[in-house]
$ cat structure.cif   # mmCIF, C-alpha atoms
data_target
loop_
_atom_site.group_PDB
_atom_site.id
_atom_site.type_symbol
_atom_site.label_atom_id
_atom_site.label_comp_id
_atom_site.auth_asym_id
_atom_site.auth_seq_id
_atom_site.Cartn_x
_atom_site.Cartn_y
_atom_site.Cartn_z
ATOM 1 C CA MET A 1 76.219 93.324 101.937
ATOM 2 C CA LEU A 2 79.755 93.254 103.251
ATOM 3 C CA ARG A 3 80.603 96.238 105.480
ATOM 4 C CA LEU A 4 83.763 96.783 107.532
ATOM 5 C CA GLU A 5 84.289 99.590 110.021
ATOM 6 C CA GLY A 6 87.265 101.322 111.562
ATOM 7 C CA LYS A 7 87.420 104.435 113.715
ATOM 8 C CA PHE A 8 87.195 106.929 110.849
ATOM 9 C CA ALA A 9 86.395 104.828 107.802
ATOM 10 C CA ALA A 10 83.876 102.246 106.710
ATOM 11 C CA LEU A 11 84.078 99.962 103.706
ATOM 12 C CA GLU A 12 81.072 98.789 101.768
ATOM 13 C CA GLU A 13 81.136 96.497 98.805
ATOM 14 C CA ILE A 14 80.194 98.143 95.528
ATOM 15 C CA SER A 15 76.448 98.201 94.877
ATOM 16 C CA PRO A 16 74.179 100.286 92.623
ATOM 17 C CA LYS A 17 73.865 103.095 95.183
ATOM 18 C CA PHE A 18 77.553 103.882 94.611
ATOM 19 C CA PHE A 19 77.491 103.843 90.805
ATOM 20 C CA GLN A 20 77.134 107.611 90.441
ATOM 21 C CA PRO A 21 80.230 108.663 92.434
ATOM 22 C CA VAL A 22 82.288 105.851 90.915
ATOM 23 C CA ILE A 23 81.317 106.956 87.387
ATOM 24 C CA GLU A 24 82.211 110.567 88.196
ATOM 25 C CA TRP A 25 85.629 109.586 89.592
ATOM 26 C CA ARG A 26 86.412 107.174 86.783
ATOM 27 C CA ASN A 27 85.609 109.826 84.167
ATOM 28 C CA ASP A 28 87.584 112.586 85.908
ATOM 29 C CA LYS A 29 90.550 113.307 83.629
ATOM 30 C CA THR A 30 92.724 114.324 86.576
ATOM 31 C CA LEU A 31 92.057 110.986 88.276
ATOM 32 C CA ASN A 32 91.962 108.508 85.402
ATOM 33 C CA LYS A 33 95.158 109.490 83.592
ATOM 34 C CA PHE A 34 96.782 106.186 84.490
ATOM 35 C CA LEU A 35 93.672 104.004 84.682
ATOM 36 C CA ASN A 36 93.230 101.247 82.154
ATOM 37 C CA GLN A 37 90.021 102.793 80.928
ATOM 38 C CA PRO A 38 90.181 104.039 77.325
ATOM 39 C CA PHE A 39 86.464 104.905 77.237
ATOM 40 C CA GLU A 40 83.831 107.073 78.890
ATOM 41 C CA LEU A 41 82.152 105.113 81.664
ATOM 42 C CA THR A 42 78.362 105.369 81.578
ATOM 43 C CA LEU A 43 75.667 104.214 83.961
ATOM 44 C CA ALA A 44 74.673 101.528 81.450
ATOM 45 C CA LEU A 45 78.251 100.236 81.187
ATOM 46 C CA GLU A 46 78.728 100.253 84.956
ATOM 47 C CA LYS A 47 75.413 98.405 85.446
ATOM 48 C CA LYS A 48 76.361 95.863 82.787
ATOM 49 C CA TRP A 49 79.794 95.278 84.366
ATOM 50 C CA TYR A 50 78.252 94.913 87.819
ATOM 51 C CA GLU A 51 75.490 92.505 86.839
ATOM 52 C CA GLU A 52 77.226 90.447 84.164
ATOM 53 C CA ILE A 53 80.810 90.348 85.447
ATOM 54 C CA TYR A 54 81.228 91.487 89.031
ATOM 55 C CA LEU A 55 78.357 89.543 90.590
ATOM 56 C CA CYS A 56 79.369 86.395 88.681
ATOM 57 C CA ASP A 57 83.068 86.512 89.525
ATOM 58 C CA GLU A 58 84.163 85.417 92.997
ATOM 59 C CA THR A 59 87.803 86.223 92.248
ATOM 60 C CA GLN A 60 87.296 89.973 92.440
ATOM 61 C CA GLY A 61 85.927 92.498 94.874
ATOM 62 C CA LEU A 62 85.569 96.244 95.108
ATOM 63 C CA PHE A 63 85.143 98.297 98.261
ATOM 64 C CA ILE A 64 83.858 101.838 98.469
ATOM 65 C CA ILE A 65 85.776 103.757 101.139
ATOM 66 C CA LEU A 66 83.403 105.907 103.193
ATOM 67 C CA ASP A 67 83.840 108.572 105.838
ATOM 68 C CA LYS A 68 82.281 106.644 108.728
ATOM 69 C CA ALA A 69 80.876 109.767 110.403
ATOM 70 C CA THR A 70 78.955 111.088 107.406
ATOM 71 C CA GLY A 71 78.756 108.179 104.971
ATOM 72 C CA THR A 72 80.453 110.301 102.310
ATOM 73 C CA PRO A 73 82.073 108.138 99.602
ATOM 74 C CA LEU A 74 85.793 108.894 99.365
ATOM 75 C CA GLY A 75 87.213 106.414 96.877
ATOM 76 C CA THR A 76 87.612 102.766 95.945
ATOM 77 C CA LYS A 77 89.957 99.881 96.736
ATOM 78 C CA GLY A 78 89.659 96.414 95.299
ATOM 79 C CA TRP A 79 91.237 93.228 94.117
ATOM 80 C CA THR A 80 91.062 90.839 91.161
ATOM 81 C CA ASN A 81 92.448 87.417 90.213
ATOM 82 C CA PHE A 82 92.024 86.012 93.709
ATOM 83 C CA ASP A 83 93.490 82.496 93.708
ATOM 84 C CA ALA A 84 92.334 80.588 96.794
ATOM 85 C CA GLN A 85 94.732 77.693 96.235
ATOM 86 C CA ARG A 86 97.827 79.829 95.789
ATOM 87 C CA ARG A 87 96.500 82.397 98.273
ATOM 88 C CA ARG A 88 97.281 85.429 96.147
ATOM 89 C CA CYS A 89 95.537 88.178 94.229
ATOM 90 C CA ILE A 90 96.084 91.388 92.317
ATOM 91 C CA SER A 91 95.562 94.448 94.465
ATOM 92 C CA GLY A 92 94.309 97.549 92.723
ATOM 93 C CA ARG A 93 91.459 99.874 91.834
ATOM 94 C CA LEU A 94 92.751 102.396 94.337
ATOM 95 C CA LEU A 95 91.003 105.612 93.465
ATOM 96 C CA PHE A 96 90.979 108.650 95.716
ATOM 97 C CA GLY A 97 87.897 110.347 94.347
ATOM 98 C CA ASN A 98 86.873 112.900 96.956
ATOM 99 C CA LYS A 99 89.553 115.579 97.068
ATOM 100 C CA ASN A 100 87.808 117.380 99.934
ATOM 101 C CA PHE A 101 88.995 114.571 102.178
ATOM 102 C CA ALA A 102 92.670 114.859 101.295
ATOM 103 C CA ARG A 103 94.598 114.444 104.544
ATOM 104 C CA HIS A 104 91.542 112.979 106.361
ATOM 105 C CA PRO A 105 92.450 109.797 108.301
ATOM 106 C CA ALA A 106 89.479 107.915 106.810
ATOM 107 C CA PHE A 107 91.099 107.353 103.448
ATOM 108 C CA THR A 108 94.266 105.731 104.781
ATOM 109 C CA GLU A 109 92.314 103.743 107.375
ATOM 110 C CA GLY A 110 89.999 102.543 104.614
ATOM 111 C CA ILE A 111 92.979 101.233 102.658
ATOM 112 C CA LEU A 112 94.283 99.470 105.778
ATOM 113 C CA LEU A 113 90.867 97.867 106.364
ATOM 114 C CA ALA A 114 90.860 96.634 102.771
ATOM 115 C CA TYR A 115 94.368 95.179 103.080
ATOM 116 C CA ASP A 116 93.479 93.585 106.427
ATOM 117 C CA TYR A 117 90.550 91.887 104.699
ATOM 118 C CA THR A 118 92.492 90.676 101.661
ATOM 119 C CA PHE A 119 95.624 89.644 103.567
ATOM 120 C CA ALA A 120 93.433 87.435 105.772
ATOM 121 C CA ARG A 121 92.811 85.439 102.596
ATOM 122 C CA ALA A 122 96.008 85.912 100.591
ATOM 123 C CA ASP A 123 99.644 85.479 101.564
ATOM 124 C CA VAL A 124 100.918 87.730 98.792
ATOM 125 C CA GLN A 125 99.436 90.440 96.617
ATOM 126 C CA PHE A 126 100.616 91.966 93.374
ATOM 127 C CA SER A 127 99.987 95.415 91.988
ATOM 128 C CA HIS A 128 100.643 96.881 88.547
ATOM 129 C CA VAL A 129 101.478 100.553 88.214
ATOM 130 C CA VAL A 130 102.045 102.560 85.037
ATOM 131 C CA LYS A 131 105.771 103.360 84.867
ATOM 132 C CA GLU A 132 105.199 107.119 84.785
ATOM 133 C CA ASN A 133 102.792 107.001 87.732
ATOM 134 C CA PHE A 134 105.423 107.794 90.347
ATOM 135 C CA LYS A 135 102.861 108.995 92.892
ATOM 136 C CA SER A 136 101.010 105.688 92.888
ATOM 137 C CA ALA A 137 104.260 103.722 93.124
ATOM 138 C CA GLU A 138 105.369 105.751 96.136
ATOM 139 C CA HIS A 139 101.949 105.378 97.723
ATOM 140 C CA ILE A 140 101.800 101.568 97.593
ATOM 141 C CA LYS A 141 105.390 101.323 98.876
ATOM 142 C CA LYS A 142 104.163 102.915 102.111
ATOM 143 C CA PHE A 143 101.903 99.883 102.558
ATOM 144 C CA GLY A 144 104.781 97.445 102.089
ATOM 145 C CA PHE A 145 104.895 96.862 98.333
ATOM 146 C CA ALA A 146 108.244 96.506 96.542
ATOM 147 C CA GLU A 147 109.010 96.219 92.843
ATOM 148 C CA ASN A 148 109.185 92.652 91.541
ATOM 149 C CA THR A 149 112.528 92.619 89.756
ATOM 150 C CA GLY A 150 112.301 88.867 89.132
ATOM 151 C CA GLU A 151 109.972 86.939 86.861
ATOM 152 C CA ALA A 152 106.683 88.733 86.308
ATOM 153 C CA GLN A 153 103.766 86.819 87.824
ATOM 154 C CA TYR A 154 101.172 88.491 85.615
ATOM 155 C CA PRO A 155 103.002 89.234 82.335
ATOM 156 C CA ALA A 156 99.782 90.304 80.616
ATOM 157 C CA GLU A 157 99.615 93.247 83.020
ATOM 158 C CA LEU A 158 102.988 94.676 82.001
ATOM 159 C CA PHE A 159 101.625 96.447 78.936
ATOM 160 C CA VAL A 160 97.963 97.449 78.951
ATOM 161 C CA ASN A 161 96.131 99.935 76.731
ATOM 162 C CA GLY A 162 99.393 101.317 75.390
ATOM 163 C CA MET A 163 100.882 101.863 78.849
ATOM 164 C CA ALA A 164 103.899 100.009 80.240
ATOM 165 C CA GLN A 165 103.489 98.924 83.840
ATOM 166 C CA ARG A 166 105.766 97.722 86.614
ATOM 167 C CA GLU A 167 104.817 94.793 88.831
ATOM 168 C CA TYR A 168 104.998 95.211 92.599
ATOM 169 C CA PHE A 169 104.469 92.571 95.267
ATOM 170 C CA CYS A 170 103.724 92.541 98.971
ATOM 171 C CA THR A 171 103.691 89.577 101.327
ATOM 172 C CA ARG A 172 101.609 89.585 104.492
ATOM 173 C CA GLU A 173 104.791 90.046 106.517
ATOM 174 C CA MET A 174 105.813 93.070 104.429
ATOM 175 C CA TYR A 175 102.349 94.567 104.901
ATOM 176 C CA LEU A 176 102.269 93.996 108.656
ATOM 177 C CA ALA A 177 105.689 95.627 109.027
ATOM 178 C CA ALA A 178 104.552 98.657 107.019
ATOM 179 C CA ARG A 179 101.245 98.772 108.915
ATOM 180 C CA LYS A 180 103.040 99.582 112.165
ATOM 181 C CA LYS A 181 103.822 103.094 110.890
ATOM 182 C CA PHE A 182 100.070 103.788 110.779
ATOM 183 C CA GLU A 183 99.052 101.872 113.897
ATOM 184 C CA ARG A 184 100.661 104.505 116.115
ATOM 185 C CA PHE A 185 98.090 107.006 114.882
ATOM 186 C CA PHE A 186 94.984 104.825 114.826
ATOM 187 C CA ASP A 187 95.681 102.900 118.046
ATOM 188 C CA ARG A 188 95.722 106.006 120.227
ATOM 189 C CA ARG A 189 92.211 106.987 119.149
ATOM 190 C CA MET B 1 117.072 119.428 121.590
ATOM 191 C CA THR B 2 114.769 122.358 120.795
ATOM 192 C CA ASN B 3 111.193 121.925 119.670
ATOM 193 C CA LEU B 4 112.166 123.199 116.230
ATOM 194 C CA GLU B 5 114.821 120.504 115.962
ATOM 195 C CA LYS B 6 112.257 117.913 117.060
ATOM 196 C CA TYR B 7 109.760 119.279 114.537
ATOM 197 C CA ASP B 8 112.314 119.107 111.735
ATOM 198 C CA GLY B 9 113.323 115.615 112.837
ATOM 199 C CA ALA B 10 109.723 114.405 112.657
ATOM 200 C CA PHE B 11 109.462 115.569 109.033
ATOM 201 C CA LYS B 12 112.779 113.965 108.116
ATOM 202 C CA ASN B 13 111.901 110.682 109.831
ATOM 203 C CA ALA B 14 108.373 110.454 108.475
ATOM 204 C CA LEU B 15 108.926 111.691 104.937
ATOM 205 C CA GLY B 16 112.624 111.122 104.332
ATOM 206 C CA VAL B 17 113.137 114.705 103.146
ATOM 207 C CA ALA B 18 116.302 116.764 103.429
ATOM 208 C CA GLU B 19 116.556 119.632 105.902
ATOM 209 C CA SER B 20 117.069 122.095 103.051
ATOM 210 C CA ASP B 21 113.681 121.109 101.614
ATOM 211 C CA LEU B 22 111.744 121.796 104.792
ATOM 212 C CA PRO B 23 110.982 125.543 104.617
ATOM 213 C CA ALA B 24 109.095 125.265 101.304
ATOM 214 C CA LEU B 25 107.588 121.840 101.943
ATOM 215 C CA LYS B 26 103.856 121.516 101.261
ATOM 216 C CA TYR B 27 101.422 118.622 101.116
ATOM 217 C CA GLY B 28 101.785 117.008 97.715
ATOM 218 C CA SER B 29 104.983 118.874 96.812
ATOM 219 C CA VAL B 30 106.964 115.636 97.171
ATOM 220 C CA ALA B 31 105.766 112.071 96.554
ATOM 221 C CA ALA B 32 106.494 111.155 100.159
ATOM 222 C CA TRP B 33 103.885 113.615 101.454
ATOM 223 C CA ASP B 34 100.740 112.029 100.062
ATOM 224 C CA SER B 35 97.627 110.901 101.957
ATOM 225 C CA ALA B 36 99.450 107.937 103.523
ATOM 226 C CA GLY B 37 102.624 109.907 104.213
ATOM 227 C CA HIS B 38 100.456 112.514 105.918
ATOM 228 C CA MET B 39 99.219 109.992 108.481
ATOM 229 C CA ILE B 40 102.785 108.772 109.105
ATOM 230 C CA LEU B 41 103.877 112.386 109.632
ATOM 231 C CA ILE B 42 101.005 113.151 112.010
ATOM 232 C CA ALA B 43 101.777 109.982 114.004
ATOM 233 C CA GLU B 44 105.446 111.018 114.225
ATOM 234 C CA LEU B 45 104.561 114.540 115.390
ATOM 235 C CA GLU B 46 102.053 113.239 117.956
ATOM 236 C CA ASP B 47 104.641 110.826 119.347
ATOM 237 C CA THR B 48 107.337 113.506 119.419
ATOM 238 C CA PHE B 49 105.279 116.140 121.210
ATOM 239 C CA LYS B 50 102.928 113.848 123.159
ATOM 240 C CA ILE B 51 99.810 115.445 121.695
ATOM 241 C CA SER B 52 96.716 114.263 119.866
ATOM 242 C CA LEU B 53 95.547 116.421 116.982
ATOM 243 C CA ALA B 54 91.873 116.932 116.185
ATOM 244 C CA VAL B 55 90.745 115.695 112.780
ATOM 245 C CA ALA B 56 90.017 119.276 111.684
ATOM 246 C CA ASP B 57 93.625 120.243 112.414
ATOM 247 C CA ILE B 58 94.963 117.115 110.721
ATOM 248 C CA MET B 59 93.109 118.206 107.595
ATOM 249 C CA LYS B 60 94.341 121.814 107.875
ATOM 250 C CA PHE B 61 97.952 120.696 108.316
ATOM 251 C CA ASN B 62 99.202 121.197 104.762
ATOM 252 C CA SER B 63 102.669 122.714 104.980
ATOM 253 C CA TYR B 64 105.820 122.743 107.072
ATOM 254 C CA ALA B 65 105.279 126.401 107.953
ATOM 255 C CA GLY B 66 101.544 126.110 108.618
ATOM 256 C CA GLY B 67 102.041 123.031 110.748
ATOM 257 C CA ARG B 68 104.095 124.994 113.227
ATOM 258 C CA GLU B 69 101.178 127.373 113.798
ATOM 259 C CA ILE B 70 98.844 124.436 114.416
ATOM 260 C CA LEU B 71 101.203 122.791 116.915
ATOM 261 C CA GLU B 72 101.591 126.088 118.782
ATOM 262 C CA ARG B 73 97.874 125.905 119.535
ATOM 263 C CA TYR B 74 98.616 122.570 121.254
ATOM 264 C CA GLY B 75 101.186 124.238 123.511
ATOM 265 C CA VAL B 76 104.297 123.480 121.466
ATOM 266 C CA LYS B 77 106.547 126.547 121.642
ATOM 267 C CA PHE B 78 109.015 127.329 118.837
ATOM 268 C CA GLU B 79 111.587 129.915 119.905
#
$ encode --input "structure.cif" --output "structure tokens"
Amino acid sequence: MLRLEGKFAALEEISPKFFQPVIEWRNDKTLNKFLNQPFELTLALEKKWYEEIYLCDETQGLFIILDKATGTPLGTKGWTNFDAQRRRCISGRLLFGNKNFARHPAFTEGILLAYDYTFARADVQFSHVVKENFKSAEHIKKFGFAENTGEAQYPAELFVNGMAQREYFCTREMYLAARKKFERFFDRR
Amino acid sequence: MTNLEKYDGAFKNALGVAESDLPALKYGSVAAWDSAGHMILIAELEDTFKISLAVADIMKFNSYAGGREILERYGVKFE
């Protein structure tokens, strides 16, 4: 099982042992307001998705962000639509589930570890954010994303489950430039 | 430059907020101060004052006013 480690965070690929926290986060009304999930997630549905879709689809991945010191699950970060030939993917599934760890360095380091992993395989990533989800838009901009004001690369993502979305993009160079703002903190530890 | 001016400057540089917003500023009160913005702010403050905050204090640091009290425990004097 894929596991990546930083100084404060560890990433582990989704597996059945993480189903319970993921289900709780995904069904939390305060967290899933802007998620494309118009249904109650159950253990049976999560198991079905994992076994019949996730394990059969090499174009997507989902990391669980953990506090490295305690193993506490904090949230998720993933990708879909990975295109090896065009070296691009859709970045998403960012869910900050464990509010007790707000302001803990592990969550941001976990996101950086996930981007380091995906940008080693993709030259550009796209993200789709519900127009009213200003917090999420501001958050991904800190990691280098900018709104794609040109032709949409994934037009089907611009209107999902009754919600209009904006497309953002980030090249590896944009990410590495944004990453420097965080390196100052993590490099001195 | 006083330590208060440096402290204010760190907030403005890291979060892009106006000076008039500083006194009431709290974690989450503006989009810039989210989990990622928090780490940028802490990095800016550590660079400015040449300190290294403990994780427990990084987690407690949740407002402009409260942050001053935390930095004072690291020897930063605000007069």
$ closest_residue --input "structure.cif" --among "A:Met174, A:Ala146, A:Ile64, A:Val22" --to "A:Leu113" --atoms "all atoms listed in the file"
A:Ile64
$ resolve_selection --input "structure.cif" --expression "the PyMOL selection byres ((chain B and resi 4-8) around 8)" --output "PyMOL selection string"
chain B and resi 1-3+9-12+19+22+45+48+78-79
$ write_last_selection --input "structure.cif" --atoms "C-alpha atoms" --output "compact mmCIF listing (two decimals), keeping the file's coordinate frame"
# COMPACT_ATOMS: atom_id res chain seq x y z
CA MET B 1 117.07 119.43 121.59
CA THR B 2 114.77 122.36 120.80
CA ASN B 3 111.19 121.92 119.67
CA GLY B 9 113.32 115.62 112.84
CA ALA B 10 109.72 114.40 112.66
CA PHE B 11 109.46 115.57 109.03
CA LYS B 12 112.78 113.96 108.12
CA GLU B 19 116.56 119.63 105.90
CA LEU B 22 111.74 121.80 104.79
CA LEU B 45 104.56 114.54 115.39
CA THR B 48 107.34 113.51 119.42
CA PHE B 78 109.02 127.33 118.84
CA GLU B 79 111.59 129.92 119.90
$ closest_atom_pairs --input "structure.cif" --of "chain B" --to "chain A" --cutoff "6 Å" --atoms "only C-alpha atoms" --output "CSV"
residue,atom,partner,partner_atom,distance
B:Ala31,CA,A:Lys135,CA,5.6
B:Ser35,CA,A:Arg103,CA,5.3
B:Ala36,CA,A:Thr108,CA,5.8
B:Ile40,CA,A:Phe182,CA,5.9
B:Ala43,CA,A:Phe185,CA,4.8
B:Met59,CA,A:Arg103,CA,5.1
$ write_last_selection --input "structure.cif" --atoms "C-alpha atoms" --output "PDB file, in the coordinates of the input"
ATOM      1  CA  ALA B  31     105.766 112.071  96.554  1.00  0.00           C
ATOM      2  CA  SER B  35      97.627 110.901 101.957  1.00  0.00           C
ATOM      3  CA  ALA B  36      99.450 107.937 103.523  1.00  0.00           C
ATOM      4  CA  ILE B  40     102.785 108.772 109.105  1.00  0.00           C
ATOM      5  CA  ALA B  43     101.777 109.982 114.004  1.00  0.00           C
ATOM      6  CA  MET B  59      93.109 118.206 107.595  1.00  0.00           C
TER       7      MET B  59
END
$ residues_around --input "structure.cif" --residues "A:Gly61" --least-positions-apart "3" --cutoff "8 Å" --atoms "all atoms listed in the file" --output "mmCIF file with C-alpha atoms, in the frame of the given file"
data_model
loop_
_atom_site.group_PDB
_atom_site.id
_atom_site.type_symbol
_atom_site.label_atom_id
_atom_site.label_comp_id
_atom_site.auth_asym_id
_atom_site.auth_seq_id
_atom_site.Cartn_x
_atom_site.Cartn_y
_atom_site.Cartn_z
ATOM 1 C CA GLU A 13 81.136 96.497 98.805
ATOM 2 C CA TYR A 54 81.228 91.487 89.031
ATOM 3 C CA GLU A 58 84.163 85.417 92.997
ATOM 4 C CA GLY A 78 89.659 96.414 95.299
ATOM 5 C CA TRP A 79 91.237 93.228 94.117
ATOM 6 C CA THR A 80 91.062 90.839 91.161
#
$ resolve_selection --input "structure.cif" --expression "the PyMOL selection byres ((chain B and resi 68-73) around 10)" --output "VMD selection string"
chain B and resid 4 7 45 to 46 49 51 53 57 to 58 60 to 61 63 to 67 74 to 78
$ atom_distance --input "structure.cif" --atom1 "atom CA of B:Ser29" --atom2 "atom CA of A:Phe145"
22.1 Å
$ residues_near_point --input "structure.cif" --point "(82.2, 104.8, 82.2)" --cutoff "8 Å" --atoms "only C-alpha atoms" --output "list in words"
Ile23, Arg26, Asn27, Phe39, Glu40, Leu41, Thr42, Leu43, Leu45 and Glu46 of chain A
$ atom_distance --input "structure.cif" --atom1 "atom CA of A:Thr59" --atom2 "atom CA of A:Asn81"
5.2 Å
$ atom_distance --input "structure.cif" --atom1 "atom CA of B:Ala14" --atom2 "atom CA of B:Lys26"
14.0 Å
$ build_atoms --input "structure.cif" --residues "stretch 34-42 of chain A" --atoms "all heavy atoms" --output "PDB file, keeping the file's coordinate frame"
ATOM      1  N   PHE A  34      96.035 107.441  84.535  1.00  0.00           N
ATOM      2  CA  PHE A  34      96.782 106.186  84.490  1.00  0.00           C
ATOM      3  C   PHE A  34      95.888 104.953  84.662  1.00  0.00           C
ATOM      4  O   PHE A  34      96.383 103.855  84.876  1.00  0.00           O
ATOM      5  CB  PHE A  34      97.872 106.174  85.562  1.00  0.00           C
ATOM      6  CG  PHE A  34      98.930 107.216  85.346  1.00  0.00           C
ATOM      7  CD1 PHE A  34      99.087 108.257  86.249  1.00  0.00           C
ATOM      8  CD2 PHE A  34      99.759 107.175  84.232  1.00  0.00           C
ATOM      9  CE1 PHE A  34     100.067 109.224  86.054  1.00  0.00           C
ATOM     10  CE2 PHE A  34     100.733 108.138  84.028  1.00  0.00           C
ATOM     11  CZ  PHE A  34     100.885 109.169  84.942  1.00  0.00           C
ATOM     12  N   LEU A  35      94.573 105.149  84.585  1.00  0.00           N
ATOM     13  CA  LEU A  35      93.672 104.004  84.682  1.00  0.00           C
ATOM     14  C   LEU A  35      93.593 103.298  83.333  1.00  0.00           C
ATOM     15  O   LEU A  35      93.726 103.916  82.290  1.00  0.00           O
ATOM     16  CB  LEU A  35      92.263 104.448  85.078  1.00  0.00           C
ATOM     17  CG  LEU A  35      92.032 104.890  86.518  1.00  0.00           C
ATOM     18  CD1 LEU A  35      90.558 105.229  86.711  1.00  0.00           C
ATOM     19  CD2 LEU A  35      92.446 103.818  87.500  1.00  0.00           C
ATOM     20  N   ASN A  36      93.379 102.009  83.392  1.00  0.00           N
ATOM     21  CA  ASN A  36      93.230 101.247  82.154  1.00  0.00           C
ATOM     22  C   ASN A  36      91.787 101.354  81.668  1.00  0.00           C
ATOM     23  O   ASN A  36      91.058 100.382  81.625  1.00  0.00           O
ATOM     24  CB  ASN A  36      93.613  99.784  82.386  1.00  0.00           C
ATOM     25  CG  ASN A  36      95.078  99.657  82.738  1.00  0.00           C
ATOM     26  OD1 ASN A  36      95.907 100.352  82.158  1.00  0.00           O
ATOM     27  ND2 ASN A  36      95.387  98.792  83.674  1.00  0.00           N
ATOM     28  N   GLN A  37      91.401 102.574  81.329  1.00  0.00           N
ATOM     29  CA  GLN A  37      90.021 102.793  80.928  1.00  0.00           C
ATOM     30  C   GLN A  37      89.971 103.719  79.720  1.00  0.00           C
ATOM     31  O   GLN A  37      89.786 104.928  79.859  1.00  0.00           O
ATOM     32  CB  GLN A  37      89.236 103.418  82.081  1.00  0.00           C
ATOM     33  CG  GLN A  37      87.754 103.638  81.749  1.00  0.00           C
ATOM     34  CD  GLN A  37      87.074 104.501  82.779  1.00  0.00           C
ATOM     35  OE1 GLN A  37      87.061 104.171  83.949  1.00  0.00           O
ATOM     36  NE2 GLN A  37      86.494 105.617  82.351  1.00  0.00           N
ATOM     37  N   PRO A  38      90.171 103.190  78.522  1.00  0.00           N
ATOM     38  CA  PRO A  38      90.181 104.039  77.325  1.00  0.00           C
ATOM     39  C   PRO A  38      88.778 104.317  76.782  1.00  0.00           C
ATOM     40  O   PRO A  38      88.543 104.204  75.585  1.00  0.00           O
ATOM     41  CB  PRO A  38      91.016 103.206  76.349  1.00  0.00           C
ATOM     42  CG  PRO A  38      90.717 101.801  76.725  1.00  0.00           C
ATOM     43  CD  PRO A  38      90.470 101.796  78.219  1.00  0.00           C
ATOM     44  N   PHE A  39      87.838 104.630  77.674  1.00  0.00           N
ATOM     45  CA  PHE A  39      86.464 104.905  77.237  1.00  0.00           C
ATOM     46  C   PHE A  39      85.761 105.704  78.320  1.00  0.00           C
ATOM     47  O   PHE A  39      86.218 105.762  79.467  1.00  0.00           O
ATOM     48  CB  PHE A  39      85.695 103.601  76.981  1.00  0.00           C
ATOM     49  CG  PHE A  39      85.682 102.669  78.160  1.00  0.00           C
ATOM     50  CD1 PHE A  39      84.724 102.796  79.162  1.00  0.00           C
ATOM     51  CD2 PHE A  39      86.646 101.669  78.290  1.00  0.00           C
ATOM     52  CE1 PHE A  39      84.723 101.950  80.260  1.00  0.00           C
ATOM     53  CE2 PHE A  39      86.646 100.807  79.391  1.00  0.00           C
ATOM     54  CZ  PHE A  39      85.682 100.949  80.374  1.00  0.00           C
ATOM     55  N   GLU A  40      84.653 106.337  77.930  1.00  0.00           N
ATOM     56  CA  GLU A  40      83.831 107.073  78.890  1.00  0.00           C
ATOM     57  C   GLU A  40      82.920 106.073  79.600  1.00  0.00           C
ATOM     58  O   GLU A  40      82.177 105.326  78.954  1.00  0.00           O
ATOM     59  CB  GLU A  40      83.008 108.123  78.142  1.00  0.00           C
ATOM     60  CG  GLU A  40      82.189 109.033  79.030  1.00  0.00           C
ATOM     61  CD  GLU A  40      83.003 110.189  79.610  1.00  0.00           C
ATOM     62  OE1 GLU A  40      84.213 110.283  79.315  1.00  0.00           O
ATOM     63  OE2 GLU A  40      82.416 110.985  80.355  1.00  0.00           O
ATOM     64  N   LEU A  41      82.994 106.040  80.914  1.00  0.00           N
ATOM     65  CA  LEU A  41      82.152 105.113  81.664  1.00  0.00           C
ATOM     66  C   LEU A  41      80.748 105.710  81.788  1.00  0.00           C
ATOM     67  O   LEU A  41      80.598 106.868  82.164  1.00  0.00           O
ATOM     68  CB  LEU A  41      82.757 104.866  83.048  1.00  0.00           C
ATOM     69  CG  LEU A  41      82.069 103.805  83.911  1.00  0.00           C
ATOM     70  CD1 LEU A  41      82.103 102.437  83.241  1.00  0.00           C
ATOM     71  CD2 LEU A  41      82.753 103.719  85.279  1.00  0.00           C
ATOM     72  N   THR A  42      79.751 104.926  81.471  1.00  0.00           N
ATOM     73  CA  THR A  42      78.362 105.369  81.578  1.00  0.00           C
ATOM     74  C   THR A  42      77.634 104.521  82.611  1.00  0.00           C
ATOM     75  O   THR A  42      78.128 103.459  83.013  1.00  0.00           O
ATOM     76  CB  THR A  42      77.636 105.224  80.231  1.00  0.00           C
ATOM     77  OG1 THR A  42      77.592 103.818  79.899  1.00  0.00           O
ATOM     78  CG2 THR A  42      78.349 105.992  79.126  1.00  0.00           C
TER      79      THR A  42
END
